[in-house]
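Undergrad: Okay, here's the structure, questions in a sec.
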Amino acid sequence: MVTIKSKKEIEYMREACKVVALTYKEIEEKIRPGMSTWEVDQIAEKTMRSLGAIPAEKGYNVGIRGIPPYPASTCISINDEVIHGIPSKNKIIKEGDIVSIDTVALKNGYNGDAARTFIIGDVPKETKRLVDVTKQAFFEGIKYAKAGNRIGDVCHAIGEYVHSQGYSVVKEFQGHGIGKEMHEDPGIPNYGKAGRGIRLEPGMTLAIEPMVIQGKPNILELDDGWTIITEDGSLAAHYENTILITEKEPEILTLL
Ligand code: MF3
Ligand code: CO
């Protein structure tokens with residue numbers, strides 16, 4: 001079911017999303033080579049809790065037998081890791097890495113969700129382009145995130161843009177509605193046909209999240225039950241914001 005948020009609920013969503021934005025500000029200031037992904041996770045958790053929020057990914061259960069509850073406050077995926085990398089004291093961030101972080105804050109019963117890919121030091125031009133295209137794919141998509149349009153218009157715009165830049169989108173994971181639940185309807189794939197799917201209405205809150213691979217779209221899941229990597233070993237990037245559909249332009253709730 002797609003939920004339409006009331007004025008009060010939108011205020012709660014704004015608050016949760018602001019916590020996520022501030023968490024990324026804090027991470028951006030502190031992240032550096034030599035740091036473990038566990039340390040970055042600690043920064044995120046402390047920031048969220050200091051702002052009266054709970055890291056919603058911690059203990060998150062997908063409800064599939066055999067998949068353990070998610071153990072950390074963030075997903076941190078380096079280079080060929082696409083999404084859902086588990087923070088670890090043994091995983092050290094190096095100069096030249098791209099580090100995708102995805103985190104969700106729960107405040108007043110509402111979730112805010114965003115992802116960023118950080119470039120650590122100097123990287124080849126082509127790597128920078130991957131990160132830029134992934135971010136731009138979000139902005140290409142939300143050009144269509146307007147009341148009266150269909151969700152497929154957003155999906156289509158993202159996929160077309162990414163493909164036009166010579167990259168692949170991940171097909172097995174998608175964006176989503178968000179609110180009281182981290183994942184609500186509708187599912188929002190990063191590809192699709194324009195004119196299809198639900199019609200957008202003011203008060204919908206959506207997490208739009210392009211996951212882009214430099215090489216082939218195929219992915220693999222590691223034995224930890226969570227980490228997704230590219231099959232061909234090429235790099236992947238992730239960029240996500242929670243947005244609000246309004247009568248006019250969408251509002252990006254997870255940017256300051
Ligand atoms: N935040 C992710 C998303 O963008 C979900 C992560 S799964 C979790 O939808 F287990 F880490 F929570
Ligand atoms: Co999300």
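Following the order of the structure tokens, first chain is A, next is B, and so on, with residues numbered from 1 inside each chain and ligands from 1 in the order they appear.
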Do you have, as a Markdown table, the list of residues of chain A lying at most 12 Å from ligand 2, each with its nearest atom pair and that distance in Å to one decimal, counting only C-alpha atoms and all ligand atoms and ordered by chain then number?

TA:
| residue | atom | partner | partner_atom_place_in_ligand_line | distance |
| --- | --- | --- | --- | --- |
| A:Ala56 | CA | ligand 2 | 1 (Co) | 11.4 |
| A:Glu57 | CA | ligand 2 | 1 (Co) | 10.5 |
| A:Thr74 | CA | ligand 2 | 1 (Co) | 11.6 |
| A:Cys75 | CA | ligand 2 | 1 (Co) | 10.9 |
| A:Ile83 | CA | ligand 2 | 1 (Co) | 10.5 |
| A:His84 | CA | ligand 2 | 1 (Co) | 10.9 |
| A:Ile101 | CA | ligand 2 | 1 (Co) | 11.2 |
| A:Asp102 | CA | ligand 2 | 1 (Co) | 7.7 |
| A:Thr103 | CA | ligand 2 | 1 (Co) | 8.2 |
| A:Val104 | CA | ligand 2 | 1 (Co) | 7.9 |
| A:Ala105 | CA | ligand 2 | 1 (Co) | 11.2 |
| A:Asn111 | CA | ligand 2 | 1 (Co) | 10.0 |
| A:Gly112 | CA | ligand 2 | 1 (Co) | 8.7 |
| A:Asp113 | CA | ligand 2 | 1 (Co) | 5.5 |
| A:Ala114 | CA | ligand 2 | 1 (Co) | 6.4 |
| A:Ala115 | CA | ligand 2 | 1 (Co) | 7.7 |
| A:Arg116 | CA | ligand 2 | 1 (Co) | 11.4 |
| A:Phe173 | CA | ligand 2 | 1 (Co) | 9.4 |
| A:Gln174 | CA | ligand 2 | 1 (Co) | 7.6 |
| A:Gly175 | CA | ligand 2 | 1 (Co) | 5.4 |
| A:His176 | CA | ligand 2 | 1 (Co) | 6.3 |
| A:Gly177 | CA | ligand 2 | 1 (Co) | 8.5 |
| A:Ile178 | CA | ligand 2 | 1 (Co) | 8.0 |
| A:Gly179 | CA | ligand 2 | 1 (Co) | 11.2 |
| A:Glu181 | CA | ligand 2 | 1 (Co) | 11.0 |
| A:Met182 | CA | ligand 2 | 1 (Co) | 7.5 |
| A:His183 | CA | ligand 2 | 1 (Co) | 7.2 |
| A:Glu184 | CA | ligand 2 | 1 (Co) | 10.0 |
| A:Asp185 | CA | ligand 2 | 1 (Co) | 11.8 |
| A:Pro186 | CA | ligand 2 | 1 (Co) | 11.9 |
| A:Gly187 | CA | ligand 2 | 1 (Co) | 10.1 |
| A:Ile188 | CA | ligand 2 | 1 (Co) | 9.7 |
| A:Pro189 | CA | ligand 2 | 1 (Co) | 11.2 |
| A:Thr205 | CA | ligand 2 | 1 (Co) | 11.5 |
| A:Leu206 | CA | ligand 2 | 1 (Co) | 8.7 |
| A:Ala207 | CA | ligand 2 | 1 (Co) | 5.3 |
| A:Ile208 | CA | ligand 2 | 1 (Co) | 7.0 |
| A:Glu209 | CA | ligand 2 | 1 (Co) | 6.3 |
| A:Pro210 | CA | ligand 2 | 1 (Co) | 9.7 |
| A:Met211 | CA | ligand 2 | 1 (Co) | 10.5 |
| A:His238 | CA | ligand 2 | 1 (Co) | 10.3 |
| A:Tyr239 | CA | ligand 2 | 1 (Co) | 9.5 |
| A:Glu240 | CA | ligand 2 | 1 (Co) | 6.8 |
| A:Asn241 | CA | ligand 2 | 1 (Co) | 7.9 |
| A:Thr242 | CA | ligand 2 | 1 (Co) | 8.0 |
| A:Ile243 | CA | ligand 2 | 1 (Co) | 11.2 |
| A:Thr254 | CA | ligand 2 | 1 (Co) | 11.7 |

Undergrad: Identify, on the basis of only C-alpha atoms, every residue whose closest approach to Glu160 of chain A does not exceed 12 Å; exclude the query and any residue fewer than 2 positions from it along the same chain; express the result as a ChimeraX atom specification.

TA: /A:133,136-138,140-141,152-158,162-169,190-194,210

Undergrad: With only C-alpha atoms as the counted atoms, please give the residues lying no more than 8 Å from Ile4 of chain A, apart from itself and same-chain residues fewer than 3 positions off, as a PyMOL selection string.

TA: chain A and resi 201-205

Undergrad: Quick check, in Å to one decimal: how far apart do atom 10 (F, counted along the ligand's line) of ligand 1 and atom CA of Asn61 of chain A lie?

TA: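 These two atoms are separated by 6.7 Å.
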
Undergrad: Measuring atom to atom with only C-alpha atoms and all ligand atoms, identify which of A:Ile213, A:Ala236, A:Ile86, A:Ile93 is nearest to ligand 1.

TA: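 Closest residue, counting only C-alpha atoms and all ligand atoms: A:Ile86.
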
Undergrad: Please provide the set of residues having any atom within 12 Å of Lys25 of chain A, restricted to only C-alpha atoms, with same-chain residues fewer than 4 positions apart removed, written as number ranges by chain.

TA: A: 18-21, 29-31, 43-44, 47-48, 116, 118, 254-256

Undergrad: What does the file look like for those residues with all heavy atoms, as a compact mmCIF listing (two decimals), in the first residue's frame?

TA:
# COMPACT_ATOMS: atom_id res chain seq x y z
N LYS A 18 16.48 14.99 8.22
CA LYS A 18 17.51 15.96 8.59
C LYS A 18 18.62 15.29 9.39
O LYS A 18 19.81 15.61 9.23
CB LYS A 18 16.89 17.11 9.40
CG LYS A 18 17.88 18.19 9.68
CD LYS A 18 17.26 19.51 10.04
CE LYS A 18 18.36 20.55 10.17
NZ LYS A 18 17.99 21.67 10.98
N VAL A 19 18.24 14.34 10.23
CA VAL A 19 19.26 13.60 10.99
C VAL A 19 20.21 12.88 10.02
O VAL A 19 21.43 12.90 10.21
CB VAL A 19 18.59 12.58 11.95
CG1 VAL A 19 19.63 11.64 12.55
CG2 VAL A 19 17.81 13.31 13.03
N VAL A 20 19.65 12.30 8.98
CA VAL A 20 20.50 11.60 8.00
C VAL A 20 21.44 12.59 7.31
O VAL A 20 22.64 12.32 7.16
CB VAL A 20 19.63 10.85 6.96
CG1 VAL A 20 20.49 10.20 5.89
CG2 VAL A 20 18.77 9.79 7.66
N ALA A 21 20.90 13.73 6.94
CA ALA A 21 21.74 14.75 6.27
C ALA A 21 22.88 15.19 7.19
O ALA A 21 24.04 15.30 6.75
CB ALA A 21 20.88 15.94 5.86
N GLU A 29 33.15 15.18 7.04
CA GLU A 29 34.23 15.89 7.73
C GLU A 29 35.29 14.94 8.28
O GLU A 29 36.46 15.29 8.37
CB GLU A 29 33.66 16.73 8.88
CG GLU A 29 33.04 18.03 8.38
CD GLU A 29 32.17 18.72 9.44
OE1 GLU A 29 32.27 18.37 10.63
OE2 GLU A 29 31.39 19.60 9.04
N LYS A 30 34.88 13.74 8.69
CA LYS A 30 35.79 12.87 9.42
C LYS A 30 36.41 11.73 8.61
O LYS A 30 37.44 11.19 9.00
CB LYS A 30 35.06 12.28 10.63
CG LYS A 30 34.60 13.37 11.60
CD LYS A 30 34.46 12.87 13.02
CE LYS A 30 34.31 14.01 13.99
NZ LYS A 30 33.23 13.78 14.97
N ILE A 31 35.77 11.32 7.54
CA ILE A 31 36.24 10.12 6.82
C ILE A 31 37.62 10.38 6.22
O ILE A 31 37.88 11.46 5.70
CB ILE A 31 35.21 9.69 5.75
CG1 ILE A 31 35.50 8.26 5.28
CG2 ILE A 31 35.14 10.66 4.59
CD1 ILE A 31 34.37 7.65 4.45
N ILE A 43 30.67 6.67 14.02
CA ILE A 43 30.38 8.10 13.86
C ILE A 43 28.91 8.28 13.51
O ILE A 43 28.21 9.13 14.09
CB ILE A 43 31.28 8.72 12.75
CG1 ILE A 43 32.75 8.69 13.17
CG2 ILE A 43 30.82 10.14 12.41
CD1 ILE A 43 33.72 9.04 12.04
N ALA A 44 28.43 7.46 12.59
CA ALA A 44 27.02 7.56 12.18
C ALA A 44 26.08 7.27 13.35
O ALA A 44 25.14 8.03 13.62
CB ALA A 44 26.74 6.59 11.03
N THR A 47 26.17 10.09 15.96
CA THR A 47 25.51 11.31 15.47
C THR A 47 23.99 11.16 15.53
O THR A 47 23.28 12.03 16.04
CB THR A 47 25.95 11.62 14.02
OG1 THR A 47 27.38 11.65 13.98
CG2 THR A 47 25.40 12.95 13.54
N MET A 48 23.51 10.04 15.04
CA MET A 48 22.05 9.83 15.04
C MET A 48 21.49 9.84 16.45
O MET A 48 20.49 10.50 16.73
CB MET A 48 21.72 8.49 14.39
CG MET A 48 21.84 8.53 12.90
SD MET A 48 21.16 7.01 12.22
CE MET A 48 22.26 6.81 10.88
N ARG A 116 25.35 7.96 0.05
CA ARG A 116 26.35 8.81 -0.60
C ARG A 116 27.53 7.95 -0.97
O ARG A 116 27.86 7.01 -0.24
CB ARG A 116 26.86 9.90 0.36
CG ARG A 116 25.79 10.81 0.94
CD ARG A 116 25.35 11.87 -0.06
NE ARG A 116 24.32 12.73 0.51
CZ ARG A 116 23.01 12.55 0.32
NH1 ARG A 116 22.57 11.56 -0.42
NH2 ARG A 116 22.13 13.38 0.87
N PHE A 118 31.52 8.41 -1.25
CA PHE A 118 32.63 9.31 -0.96
C PHE A 118 33.87 8.87 -1.74
O PHE A 118 34.18 7.68 -1.80
CB PHE A 118 32.95 9.30 0.54
CG PHE A 118 31.83 9.85 1.38
CD1 PHE A 118 30.89 9.00 1.97
CD2 PHE A 118 31.71 11.22 1.59
CE1 PHE A 118 29.85 9.51 2.74
CE2 PHE A 118 30.67 11.74 2.36
CZ PHE A 118 29.74 10.88 2.93
N THR A 254 16.54 14.80 2.49
CA THR A 254 17.80 14.37 3.11
C THR A 254 19.00 15.22 2.67
O THR A 254 20.13 14.81 2.84
CB THR A 254 18.06 12.87 2.84
OG1 THR A 254 17.74 12.59 1.48
CG2 THR A 254 17.21 12.00 3.74
N LEU A 255 18.71 16.39 2.08
CA LEU A 255 19.80 17.36 1.84
C LEU A 255 19.58 18.52 2.78
O LEU A 255 18.44 18.88 3.08
CB LEU A 255 19.76 17.84 0.38
CG LEU A 255 20.25 16.86 -0.69
CD1 LEU A 255 20.12 17.48 -2.08
CD2 LEU A 255 21.69 16.42 -0.45
N LEU A 256 20.68 19.13 3.24
CA LEU A 256 20.55 20.27 4.18
C LEU A 256 20.13 21.54 3.42
O LEU A 256 20.47 21.72 2.28
CB LEU A 256 21.87 20.49 4.91
CG LEU A 256 22.21 19.43 5.94
CD1 LEU A 256 23.60 19.70 6.51
CD2 LEU A 256 21.18 19.39 7.07

Undergrad: So which residues of segment 85-199 of chain A fall under alpha helix (DSSP H) by DSSP, listed as a PyMOL selection string?

TA: chain A and resi 125-142+151-164

Undergrad: Next, dump the selected residues to file, keeping only C-alpha atoms, as a CSV table (one decimal), in the first residue's frame.

TA:
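This is the output file again-v5.csv:
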chain,number,residue,atom,x,y,z
A,125,LYS,CA,38.9,10.5,-14.0
A,126,GLU,CA,36.7,7.6,-15.0
A,127,THR,CA,36.0,6.7,-11.4
A,128,LYS,CA,35.0,10.2,-10.6
A,129,ARG,CA,32.7,10.1,-13.6
A,130,LEU,CA,31.0,7.0,-12.2
A,131,VAL,CA,30.3,8.7,-8.9
A,132,ASP,CA,29.1,11.9,-10.7
A,133,VAL,CA,26.8,10.0,-13.1
A,134,THR,CA,25.3,8.0,-10.2
A,135,LYS,CA,24.4,11.2,-8.4
A,136,GLN,CA,23.2,12.9,-11.5
A,137,ALA,CA,21.0,9.8,-12.2
A,138,PHE,CA,19.0,10.7,-9.1
A,139,PHE,CA,18.5,14.3,-10.3
A,140,GLU,CA,17.5,13.1,-13.8
A,141,GLY,CA,14.9,10.8,-12.2
A,142,ILE,CA,13.4,13.4,-9.9
A,151,ILE,CA,6.5,6.2,-11.0
A,152,GLY,CA,7.7,4.5,-14.3
A,153,ASP,CA,8.6,8.0,-15.6
A,154,VAL,CA,11.1,8.4,-12.8
A,155,CYS,CA,12.5,4.8,-13.3
A,156,HIS,CA,12.8,5.3,-17.0
A,157,ALA,CA,14.6,8.6,-16.7
A,158,ILE,CA,17.2,7.1,-14.4
A,159,GLY,CA,17.8,4.0,-16.5
A,160,GLU,CA,18.1,5.9,-19.8
A,161,TYR,CA,20.5,8.4,-18.3
A,162,VAL,CA,22.8,5.8,-16.8
A,163,HIS,CA,22.8,3.7,-20.0
A,164,SER,CA,23.5,6.8,-22.1

Undergrad: Calculated over only C-alpha atoms, which of the candidates A:Leu235, A:Ala145, A:Ile228, A:Val62 has the smallest distance to Pro124 of chain A?

TA: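 Checking each of A:Leu235, A:Ala145, A:Ile228, A:Val62 against Pro124 of chain A, counting only C-alpha atoms, the winner is A:Leu235.
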
Undergrad: To one decimal in Å, tell me the separation between atom CA of Ile252 of chain A and atom CA of Lys46 of chain A.

TA: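 Atom-to-atom, atom CA of Ile252 of chain A and atom CA of Lys46 of chain A are spaced 23.8 Å apart.
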
Undergrad: Nearest to ligand 1 among A:Arg150, A:Lys107, A:Lys143, A:Lys58, with distances taken over only C-alpha atoms and all ligand atoms: which residue is it?

TA: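 Ranked by minimum distance to ligand 1, first place goes to A:Lys58.
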
Undergrad: For Glu95 of chain A, which of A:Lys248, A:Lys5, A:Arg196, A:Arg32 is the closest residue, counting only C-alpha atoms?

TA: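 Smallest separation from Glu95 of chain A among the options: A:Arg32.
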
Undergrad: DSSP on the backbone, then: every residue of segment 21-256 of chain A marked strand (DSSP E), written as a PyMOL selection string.

TA: chain A and resi 54-55+74-78+81-83+98-107+110-119+168-169+175-177+184-188+205-208+211-213+219-221+228-230+236-238+241-244+251-252

Undergrad: Under the rule that only C-alpha atoms are counted, which of A:Pro55, A:Val40, A:Tyr60, A:Gly109 is the nearest residue to Lys89 of chain A?

TA: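 The answer is A:Val40, which sits nearest to Lys89 of chain A.
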
Undergrad: Let me make sure I understand: among A:Trp38, A:Tyr70, A:Tyr144, A:Trp226, which one has the smallest atom-to-atom distance to ligand 1 if we use only C-alpha atoms and all ligand atoms?

TA: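 Going through A:Trp38, A:Tyr70, A:Tyr144, A:Trp226 one by one, the smallest distance to ligand 1 is for A:Tyr70.
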
Undergrad: Rounded to one decimal place, report the atom CA of Pro33 of chain A-atom CA of Ile229 of chain A distance in Å.

TA: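 Distance reported for this atom pair: 21.4 Å.
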
Undergrad: Any idea what's packed within 9 Å of Val99 of chain A, counting only C-alpha atoms, ignoring anything in its chain fewer than 5 positions away? Could you give it as a list in words?

TA: Ile76, Ser77, Ile78, Asn79, Glu81, Ile93, Arg116, Thr117, Phe118, Ile119, Ile120 and Ala237 of chain A

Undergrad: Can you tell me which residues surround Ser88 of chain A at a distance of at most 9 Å, considering only C-alpha atoms, apart from same-chain residues fewer than 5 positions away, and format the answer as a list in words?

TA: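 Surrounding residues, per the criterion: Ser36, Thr37, Trp38, Glu39 and Asp41 of chain A.
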